[in-house]
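Here the structure is laid out as structure tokens; the discussion comes afterwards.
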Amino acid sequence: MRLLSLHVQDFRNLAAVELAPSPRATILVGENGQGKTNLLEAVYFLATLKPLRASRLQELVRFGAAHAQVAGDFDGPGGVRRVAVRVEPGGRTALLDGKPQEKLDSYFEGLAAVCFAPDDLLLVKGGPDGRRRFLDRAAFNRWPAVLAEARDYVRALRARNAALRTGTAEVEESFRGPLVRAAARLLVRRRELVLELAPRVQVAFAEISGPGAPEVRFAYRPAHGVRIDGTEAEIAAGLSGILGQRLERDREKGFTSAGPHADELTLALDGKGAKLFGSQGQQRALVLALKIAEIENLRAALGRPPLLLLDDVSSELDPAKNRYLLAYLGGLAAQAFLTTTDRRLLDPAAGPDTAFYRVEKGVVTALVS
Ligand SMILES: Nc1ncnc2c1ncn2[C@@H]1O[C@H](COP(=O)(O)OP(=O)(O)OP(=O)(O)O)[C@@H](O)[C@H]1O
């Protein structure tokens, strides 16, 4: 998969951008607050239909504009296709070769993007929601159907929470079935993904850390003892039983206490929680290992690396990890977009086919390397 061209219109502070990405590294250089991350976000949004940072889609529309659009020509398994996504007051529309798409299977065919941004450094140190988000985004890259499945779950969760607050026990019961079925589907996805990623995290962490690196344990911990080792139907039945036992408590609090939204992904080094006991350097190495594990896993599953988006990571990593990451990327031969305020930091990533662009006040211009 390769992005051949990118067209951005009224997306955040980018009024109109036309860009010809390199087949390898495209480096976006600019001062703080000029629109570099916005451009990465536009590419990520095009490839995943998920906003990278925004909590509301409307945040993506340039102030004062009616709608935002990102489009690109992708050379994928079935040839060159034009994908586009538009954000309007009514919501988001995905288009494939100019035609709006209801079902997104064809849109996503061959598309996958992994982003690595400074906020990811909180993956180990921060709260469980960041780790759940990592898992769900990685699961969605692996199996695009997860986008709809996760949305079904959130919808079912909101409906049951509303029923807990206002409805009778019978009303709650009628919302529990759809909730546990959607939950079980998501739990099976997360379980499979953790199984795939765990050995890869260990390998990447050992490579980054060098000889004598501690052993990494990467495990999914469902809240309140929900079991995830059976079939989807068994998981749903188990979760339903636990929600039944916790019903009074949940009605008092007005929300559902067990299910994928409450679970944790634990990371341990030699058996000790990495969040509490890992050094700063080990925590950063672990984050890098998680990202590399996801990239390697997608590469194995898709037969080629995903599109990579690296937002100012070189200024956040120490020189050794930065060198490791850039050497890894060089060996991967993936298409990548990298942002930086200091071009020298990315020199090791630059090759003869690197494209350089300057981003200034939302205007993107090609630089002669
Ligand atoms: N919807 C929007 N419409 C117009 N401008 C926006 C919108 N959303 C964000 N911005 C502007 O985009 C700018 C931030 O751009 P961005 O986050 O891409 O910066 P950056 O170049 O990555 O900087 P840094 O190096 O600090 O990360 C801010 O000036 C912000 O006001």
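Labeling convention for the structure tokens: chains A, B, ... as they appear, residues from 1 per chain, ligands from 1 in order of appearance.
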Per residue of chain A within 6 Å of ligand 1, record the nearest atom pair and its distance in Å to one decimal, counting only C-alpha atoms and all ligand atoms, with rows in chain order and ascending residue number, as JSON lines.
```
{"residue": "A:Arg12", "atom": "CA", "partner": "ligand 1", "partner_atom_place_in_ligand_line": "2 (C)", "distance": 3.5}
{"residue": "A:Asn13", "atom": "CA", "partner": "ligand 1", "partner_atom_place_in_ligand_line": "5 (N)", "distance": 3.6}
{"residue": "A:Glu31", "atom": "CA", "partner": "ligand 1", "partner_atom_place_in_ligand_line": "25 (O)", "distance": 5.8}
{"residue": "A:Asn32", "atom": "CA", "partner": "ligand 1", "partner_atom_place_in_ligand_line": "26 (O)", "distance": 3.4}
{"residue": "A:Gly33", "atom": "CA", "partner": "ligand 1", "partner_atom_place_in_ligand_line": "19 (O)", "distance": 3.4}
{"residue": "A:Gln34", "atom": "CA", "partner": "ligand 1", "partner_atom_place_in_ligand_line": "21 (O)", "distance": 3.8}
{"residue": "A:Gly35", "atom": "CA", "partner": "ligand 1", "partner_atom_place_in_ligand_line": "18 (O)", "distance": 3.0}
{"residue": "A:Lys36", "atom": "CA", "partner": "ligand 1", "partner_atom_place_in_ligand_line": "21 (O)", "distance": 3.8}
{"residue": "A:Thr37", "atom": "CA", "partner": "ligand 1", "partner_atom_place_in_ligand_line": "18 (O)", "distance": 3.5}
{"residue": "A:Asn38", "atom": "CA", "partner": "ligand 1", "partner_atom_place_in_ligand_line": "18 (O)", "distance": 3.7}
{"residue": "A:Glu59", "atom": "CA", "partner": "ligand 1", "partner_atom_place_in_ligand_line": "1 (N)", "distance": 4.9}
{"residue": "A:Leu60", "atom": "CA", "partner": "ligand 1", "partner_atom_place_in_ligand_line": "1 (N)", "distance": 4.9}
{"residue": "A:Val61", "atom": "CA", "partner": "ligand 1", "partner_atom_place_in_ligand_line": "1 (N)", "distance": 4.7}
{"residue": "A:Arg62", "atom": "CA", "partner": "ligand 1", "partner_atom_place_in_ligand_line": "3 (N)", "distance": 3.4}
{"residue": "A:Phe63", "atom": "CA", "partner": "ligand 1", "partner_atom_place_in_ligand_line": "3 (N)", "distance": 4.0}
```
_Set the distance at 7 Å and use only C-alpha atoms: which residues neighbour A:Pro118 once local chain neighbours fewer than 5 positions away are removed? I'd like the list as a PyMOL selection string._
chain A and resi 311-313+316
Residue subset to file, keeping C-alpha atoms, as a PDB file, in the first residue's frame:
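selection-v8.pdb written:
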```
ATOM      1  CA  ASP A 311       4.933  12.992  15.338  1.00  0.00           C
ATOM      2  CA  ASP A 312       7.994  14.715  16.762  1.00  0.00           C
ATOM      3  CA  VAL A 313       9.157  11.536  18.459  1.00  0.00           C
ATOM      4  CA  GLU A 316      11.158  12.889  23.010  1.00  0.00           C
TER       5      GLU A 316
END
```
_strand (DSSP E) residues, from DSSP on the backbone, in stretch 246-277 of chain A, as a ChimeraX atom specification_ = /A:264-269,272-273
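Distances from A:Ala159, A:Val146, A:Ala285, A:Ala138 to A:Ala204 were compared using only C-alpha atoms, and the smallest one belongs to A:Ala285.
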*Who sits within 12 Å of A:Ala289, only C-alpha atoms, same chain under 3 positions skipped, as an NGL selection string*: :A and (116 or 120-121 or 123-124 or 197-209 or 216 or 218 or 267 or 282-286 or 292-297 or 321 or 324-325 or 328)
Atoms to include: C-alpha atoms. Write the selected residues as an mmCIF file, in the first residue's frame.
```cif
data_model
loop_
_atom_site.group_PDB
_atom_site.id
_atom_site.type_symbol
_atom_site.label_atom_id
_atom_site.label_comp_id
_atom_site.auth_asym_id
_atom_site.auth_seq_id
_atom_site.Cartn_x
_atom_site.Cartn_y
_atom_site.Cartn_z
ATOM 1 C CA PHE A 116 3.523 7.281 17.194
ATOM 2 C CA ASP A 120 1.995 7.615 23.420
ATOM 3 C CA LEU A 121 4.812 7.882 25.920
ATOM 4 C CA LEU A 123 0.941 4.366 27.368
ATOM 5 C CA VAL A 124 2.817 2.711 30.221
ATOM 6 C CA LEU A 197 1.378 -9.018 20.117
ATOM 7 C CA ALA A 198 2.822 -10.483 23.333
ATOM 8 C CA PRO A 199 5.775 -12.391 21.820
ATOM 9 C CA ARG A 200 6.536 -9.486 19.492
ATOM 10 C CA VAL A 201 6.635 -7.000 22.399
ATOM 11 C CA GLN A 202 9.152 -9.228 24.163
ATOM 12 C CA VAL A 203 11.402 -9.473 21.097
ATOM 13 C CA ALA A 204 11.287 -5.743 20.369
ATOM 14 C CA PHE A 205 11.889 -4.796 24.011
ATOM 15 C CA ALA A 206 14.922 -7.100 24.248
ATOM 16 C CA GLU A 207 16.320 -5.640 21.035
ATOM 17 C CA ILE A 208 15.884 -2.052 22.184
ATOM 18 C CA SER A 209 17.217 -2.710 25.690
ATOM 19 C CA VAL A 216 8.098 -8.483 29.577
ATOM 20 C CA PHE A 218 1.824 -8.312 28.504
ATOM 21 C CA LEU A 267 2.629 -4.657 31.485
ATOM 22 C CA GLN A 282 12.405 1.169 30.545
ATOM 23 C CA GLN A 283 8.927 2.663 30.243
ATOM 24 C CA ARG A 284 9.907 4.476 27.037
ATOM 25 C CA ALA A 285 11.562 1.341 25.663
ATOM 26 C CA LEU A 286 8.347 -0.535 26.396
ATOM 27 C CA ILE A 292 7.081 -1.923 16.872
ATOM 28 C CA ALA A 293 5.149 -5.051 17.876
ATOM 29 C CA GLU A 294 2.019 -3.590 16.284
ATOM 30 C CA ILE A 295 3.888 -2.677 13.094
ATOM 31 C CA GLU A 296 5.505 -6.127 12.882
ATOM 32 C CA ASN A 297 2.200 -7.840 13.519
ATOM 33 C CA LYS A 321 16.394 5.003 21.210
ATOM 34 C CA TYR A 324 17.290 2.501 17.100
ATOM 35 C CA LEU A 325 13.911 3.715 15.851
ATOM 36 C CA TYR A 328 14.410 0.154 12.333
#
```
Mind dumping a table of every stretch 146-225 of chain A residue within 12 Å of stretch 237-244 of chain A, with the nearest atom pair and its distance in Å to one decimal, using only C-alpha atoms, sorted by chain and rising number, as a Markdown table?
```
| residue | atom | partner | partner_atom | distance |
| --- | --- | --- | --- | --- |
| A:Arg160 | CA | A:Leu243 | CA | 11.0 |
| A:Asn161 | CA | A:Leu243 | CA | 11.9 |
| A:Leu164 | CA | A:Leu243 | CA | 11.3 |
| A:Ala169 | CA | A:Gly244 | CA | 10.1 |
| A:Glu170 | CA | A:Gly244 | CA | 11.8 |
| A:Glu172 | CA | A:Gly244 | CA | 9.9 |
| A:Glu173 | CA | A:Gly244 | CA | 8.7 |
| A:Ser174 | CA | A:Ser240 | CA | 11.6 |
| A:Phe175 | CA | A:Ser240 | CA | 10.7 |
| A:Arg176 | CA | A:Ser240 | CA | 7.0 |
| A:Gly177 | CA | A:Ser240 | CA | 7.4 |
| A:Pro178 | CA | A:Ser240 | CA | 10.2 |
| A:Leu179 | CA | A:Ser240 | CA | 8.7 |
| A:Val180 | CA | A:Ser240 | CA | 6.1 |
| A:Arg181 | CA | A:Ala237 | CA | 8.6 |
| A:Ala182 | CA | A:Leu239 | CA | 11.0 |
| A:Ala183 | CA | A:Leu239 | CA | 8.4 |
| A:Ala184 | CA | A:Leu239 | CA | 8.1 |
| A:Arg185 | CA | A:Leu239 | CA | 11.9 |
| A:Leu187 | CA | A:Leu239 | CA | 10.6 |
| A:Pro222 | CA | A:Leu239 | CA | 10.2 |
| A:Ala223 | CA | A:Leu239 | CA | 10.2 |
| A:His224 | CA | A:Ile242 | CA | 7.8 |
| A:Gly225 | CA | A:Ile242 | CA | 8.3 |
```
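Considering only C-alpha atoms, the residue among A:Gly98, A:Gly273, A:Gly254, A:Pro260 positioned nearest to A:Ile235 is A:Pro260.
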*Find the residue from A:Ala162, A:Pro305, A:Leu186, A:Gly30 that sits nearest to A:Val359; use only C-alpha atoms when measuring.*
A:Gly30
*Which value, in Å to one decimal, gives the distance between atom CA of A:Leu326 and atom CA of A:Pro348?*
6.5 Å
*asked:* Residues of stretch 208-368 of chain A classed as helix (DSSP H, G or I) by DSSP on the backbone are to be reported as an MDAnalysis selection string.
replied: chainID A and resid 208:209 223:225 232:245 247:253 260:262 274:277 280:302 313:315 319:332 343:349
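Shortest separation to A:Arg251 among A:Ile228, A:Leu290, A:Val171, A:Ala139 occurs at residue A:Val171, atoms counted being only C-alpha atoms.
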_Nearest to A:Tyr220 by atom-to-atom distance, counting only C-alpha atoms, from A:Glu192, A:Asp10, A:Asp342, A:Glu360_ = A:Glu192
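Nearest to A:Pro21 of all the residues A:Val154, A:Leu346, A:Ala320, A:Ala336 is A:Ala336, based on only C-alpha atoms.
One finds atom CA of A:Arg304 at 20.2 Å from atom CA of A:Phe45.
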*Spatial neighbours of A:Leu310, 7 Å, only C-alpha atoms, chain gap at least 5 places, as a PyMOL selection string*: chain A and resi 115-117+337-339
Could you turn the residues from that selection into a file that holds N, CA and C atoms, as an mmCIF file, in the first residue's frame?
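Generated file (result.cif):
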```
data_model
loop_
_atom_site.group_PDB
_atom_site.id
_atom_site.type_symbol
_atom_site.label_atom_id
_atom_site.label_comp_id
_atom_site.auth_asym_id
_atom_site.auth_seq_id
_atom_site.Cartn_x
_atom_site.Cartn_y
_atom_site.Cartn_z
ATOM 1 N N CYS A 115 0.322 5.382 14.196
ATOM 2 C CA CYS A 115 0.870 6.677 14.567
ATOM 3 C C CYS A 115 1.640 6.556 15.880
ATOM 4 N N PHE A 116 2.735 7.253 15.962
ATOM 5 C CA PHE A 116 3.523 7.281 17.194
ATOM 6 C C PHE A 116 3.726 8.756 17.524
ATOM 7 N N ALA A 117 3.135 9.189 18.631
ATOM 8 C CA ALA A 117 3.173 10.603 19.001
ATOM 9 C C ALA A 117 3.645 10.738 20.448
ATOM 10 N N PHE A 337 5.482 9.282 7.352
ATOM 11 C CA PHE A 337 5.461 10.746 7.498
ATOM 12 C C PHE A 337 6.041 11.050 8.865
ATOM 13 N N LEU A 338 7.011 11.952 8.902
ATOM 14 C CA LEU A 338 7.630 12.300 10.179
ATOM 15 C C LEU A 338 7.603 13.811 10.348
ATOM 16 N N THR A 339 7.312 14.287 11.537
ATOM 17 C CA THR A 339 7.358 15.735 11.767
ATOM 18 C C THR A 339 8.524 16.066 12.683
#
```
